[in-house]
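**Q** Once you've had a glance at the structure underneath, I'll fire off some questions.
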Amino acid sequence: MTNGTEKSAAAGADASAASRARAEFARLISYIVFGLGSVYLSVRASALPTSRWEPLGAGSFPKLVFAVLAVLCLISAVRTVIDLRKTGHLSGLGAALAEWLKVRRFAFALFGLLVIYLGVLPYAGFSLATFVFLLITQLMIAGISKKTVIQSLIAALIFSVGLNLLFAEVFNVFLPRGVLFAG
Amino acid sequence: MLDAFLAGAHQVFAFDTLIYMLIGSVAGIVAAAIPGFTVTMAIILTLPLTFAMDPLQGVSVMLSVYVGGYTGGLISAALLGIPGTPSSVATTFDAYPMARGGEPGRALSLGVWSSFFGTIISTIILIVAAPPLALIAVKLGPWEYFSLIVFALTIVASLVGNSLMRGLIAGVIGLGLATVGPDPMMGRPRLTFDSDILMPGLPFLIVLIGIFAISQLMGEVEDDGKSETKGALIPDVIEFKTWAVMREVLMHPVNLIRSSLIGVFIGALPGAGGSIANLLAYDQAKRSSKTPEEFGKGTPDGVIASEAGNSATAGGGLIPMIALGIPGSAVDAILMAALMVHGISVGPRLIMDNADLAYGMFIAMIVASLMMLVVCVLSMRLFLRVTDIPKQFIVPTVMICCVIGAFALNNRVTDLYLLGAIGLVGYGLKSLDYPLAPLVLGVILGPIAETNLRRALMSDGDWTVFFTRPISAVLLAAALLSVIFSIRSVLKMRKKNRAVTDEQDGD
């Protein structure tokens, strides 16, 4: 019994060490991406013409900031690589990534819908685009049943047409009007 | 001064302002009572509604959301054991056991009264401390200002999140984002890649909404396979015993004042907000208590300390914002941005140039805490229902509100594309455990830092001046020290962890 618990505890520790290593690996990638990006931007910034009126031109501050960022990323990346080599096991990256994406599928779906919504907004107008966006997202999160469809329809109507009226009439903030549908 | 005070009071006590503030209080409490929604989010959502108002009216409404929000987190913390906002984590330690022990009304009333007194104490300190600090601050030259911002950013990075390095990286990314668009001195376009979207720069509020709100909303719909555990049942009858509890809170003056002072101090430090004050005040109360073993089992001292601590950060955070133009937290940054939208420059001259506004904000803080008190006492039960609203209504609707907020700022559709892109970046950073607060403060402090740096070197091209002017040198040394200390504490923690694992392995 004790042996079993120990084994499972050891397996748990192993699994958590592995997942930590994978998280560190993901961060390592982010350090590299930010580091390379900042080197590029730093170079772009140094190409900005200097000013005759002051010692620092428009480019100096961004150059400084991105150089600092590059150094920070380099230090972090080196440290992470050392840590990873010490702790070793980086197994099952592909499976972990698939799991990571699976857990976040609704988050990315929500984001995808947001992107479509923002793209359609100037053409369809606030009320119509929002109504459709709300309806789809609500049903995506809640699942489709008779009850959720009715609830979502009501909520979507209130927060699309209703919000538009509220902002236009009370706060004098005019939301995008569509080309196809002026609402 | 009295003139300004009365002028401010006149604006705050206008009937429509009071009504808007009342709505703001309710909205803040409701928003914070929903687990997963922070005070910051509530303020972000309020922002577009205030564009059409006068500056003071708008800020007053936002302050009432702010004050209400710090209290709203208490409700779900006490009754469900889930902190409604990150700033009420320590509240769950004692308020929840007390509520489970058959005294939910007492737990809530204790929290509400402690929040009220915490806010009032912090506002008094704000009124006393901000004007003299501003008088000193106007004398600071660009060297000192630049060093102050460096200090602020290192403090933020070392206090927030789990890793100093990631905090610093986030802060510097924020500074970097702020450099996109026209440069703050000459207006020359930088790093815009000739794109129309980037040409006007990245507006601070768009970055803020994207980084905080969009990423948070995306995080809300993550599905980790665990079915949602329904919170504890809320009893049908709750006895609030309002006045008896008020006396009880006042019977713990030392704890109340100590916790509020901790809250004010933490709030005044850039980046550190209610979540740290809440835990720190609780910890201090436990250490100095005669009966520390009672903590965690539902002692009133624990509730008082945690709630007074987090509410007092509201006033504390306004001290550096009003006196120096440096926001103490993301929420203060939004308040600052709201003032800037109205064309008011925030900085040490705020108190001198717009005295009525500054004093009006002080009055609004007091009015807001009174409103919070009245609203809570009268309708606490109603707010409990809020925690039952399903996610599918909240997440998409709040997202729409974010989009409206981002659009209403400049009436530019391209801002919305930025919002989407920044939201995705924010979500990525959040998933990788980067703290987001330093990034946001970096974006708002970036232009201030750059302007001061360039001004400093324009008048005297010598870099060493930063180290030879005493205040500037002290601030830079403090920045270095804060980094060293936080590296040291990380190393210590690692050693300790290693020792613990070794011990466990040895067993």
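In the structure tokens, chains take letters A, B, ... by order of appearance, with residues numbered from 1 within each chain and ligands from 1 in the order shown.
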Within 12 Å of range 115-126 of chain A, counting only C-alpha atoms, which residues qualify if same-chain residues fewer than 3 places away don't, as an MDAnalysis selection string?
**A** (chainID A and resid 108:112 129:137 157 159:165 167:168 174:183) or (chainID B and resid 214 396 399:404 406:407 411:424)
**Q** Return the neighbours of chain B among the residues of chain A, cut-off 7 Å, counting only C-alpha atoms, as a VMD selection string.
**A** chain A and resid 27 45 54 to 56 58 61 to 62 65 to 66 69 72 76 103 to 104 106 to 107 110 115 118 134 137 to 138 141 to 142 159 171 to 173
**Q** Nearest to Ala155 in chain A: which of A:Leu139, A:Leu97, A:Val170, A:Val39 is it, counting only C-alpha atoms?
**A**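 Looking at the shortest contact to Ala155 in chain A, the residue is A:Leu139.
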**Q** If I take CA of Ile304 in chain B and CA of Ser289 in chain B, how far is one from the other in Å, to one decimal?
**A** 12.6 Å
**Q** Could you name the residues that touch Glu239 in chain B at 8 Å or less, counting only C-alpha atoms, but leaving out those on the same chain fewer than 4 positions away, as a list in words?
**A**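 That gives Glu103, Pro104, Gly105 and Arg106 of chain B.
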**Q** Any chance you can output those residues with C-alpha atoms as a compact mmCIF listing (two decimals), in the first residue's frame?
**A**
# COMPACT_ATOMS: atom_id res chain seq x y z
CA GLU B 103 -22.68 33.54 10.70
CA PRO B 104 -22.74 34.57 7.02
CA GLY B 105 -24.40 37.88 7.84
CA ARG B 106 -21.74 38.77 10.37
**Q** Show which residues sit within 9 Å of Ile351 in chain B, as a PyMOL selection string. Count only C-alpha atoms, and ignore same-chain residues fewer than 3 positions away.
**A** chain B and resi 130-131+134-135+322-323+347-348+354-359
**Q** Separation of CA of Asp353 in chain B and CA of Ala268 in chain B, in Å?
**A**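 These atoms are spaced 22.3 Å apart.
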**Q** With only C-alpha atoms as the counted atoms, please give the residues lying no more than 8 Å from Ala77 in chain A, apart from itself and same-chain residues fewer than 5 positions off, as a list in words.
**A**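 Listed by chain and then number, they are Leu28, Tyr31 and Ile32 of chain A.
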**Q** From a DSSP pass on the backbone, collect the residues of range 360-470 of chain B flagged as alpha helix (DSSP H) and hand them back as a ChimeraX atom specification.
**A** /B:360-384,391-410,413-431,437-459,465-468,470
**Q** Provide the CA of Met372 in chain B to CA of Ser311 in chain B distance in Å, to one decimal place.
**A**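 Atom-to-atom, CA of Met372 in chain B to CA of Ser311 in chain B, that is 11.4 Å.
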**Q** Taking the DSSP secondary structure from the backbone, can you list the residues of range 70-313 of chain B that are strand (DSSP E or B), as number ranges by chain?
**A** B: 181-182, 189-190
**Q** Write the residues of the selection above to a file with C-alpha atoms, as a short mmCIF file (atom, residue, chain, number, x, y, z; two decimals), in the first residue's frame.
**A**
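File selection15.cif, as written:
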data_model
loop_
_atom_site.label_atom_id
_atom_site.label_comp_id
_atom_site.auth_asym_id
_atom_site.auth_seq_id
_atom_site.Cartn_x
_atom_site.Cartn_y
_atom_site.Cartn_z
CA GLY B 181 3.57 55.69 -33.74
CA PRO B 182 4.49 59.37 -33.62
CA PRO B 189 6.42 58.39 -37.11
CA ARG B 190 8.36 55.40 -35.79
#
**Q** So that I can check the surroundings of Val490 in chain B, please list as a list in words every protein, DNA and RNA residue that reaches within 10 Å of it, counting only C-alpha atoms and ignoring chain neighbours fewer than 6 positions away.
**A** Asn162, Ser163, Leu164, Ile484 and Lys496 of chain B
**Q** I need the chosen residues saved as an mmCIF file, in the first residue's frame, with N, CA and C atoms.
**A**
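Result file follows (again.cif):
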data_model
loop_
_atom_site.group_PDB
_atom_site.id
_atom_site.type_symbol
_atom_site.label_atom_id
_atom_site.label_comp_id
_atom_site.auth_asym_id
_atom_site.auth_seq_id
_atom_site.Cartn_x
_atom_site.Cartn_y
_atom_site.Cartn_z
ATOM 1 N N ASN B 162 5.171 35.723 -10.793
ATOM 2 C CA ASN B 162 6.029 34.717 -10.183
ATOM 3 C C ASN B 162 7.493 34.866 -10.544
ATOM 4 N N SER B 163 7.790 35.678 -11.535
ATOM 5 C CA SER B 163 9.176 35.741 -11.966
ATOM 6 C C SER B 163 9.570 37.177 -12.248
ATOM 7 N N LEU B 164 10.680 37.596 -11.670
ATOM 8 C CA LEU B 164 11.163 38.961 -11.874
ATOM 9 C C LEU B 164 11.490 39.182 -13.346
ATOM 10 N N ILE B 484 17.761 43.610 -6.863
ATOM 11 C CA ILE B 484 18.646 42.709 -6.108
ATOM 12 C C ILE B 484 17.856 41.946 -5.053
ATOM 13 N N LYS B 496 15.124 26.867 -0.426
ATOM 14 C CA LYS B 496 14.171 26.281 0.512
ATOM 15 C C LYS B 496 13.420 25.134 -0.161
#
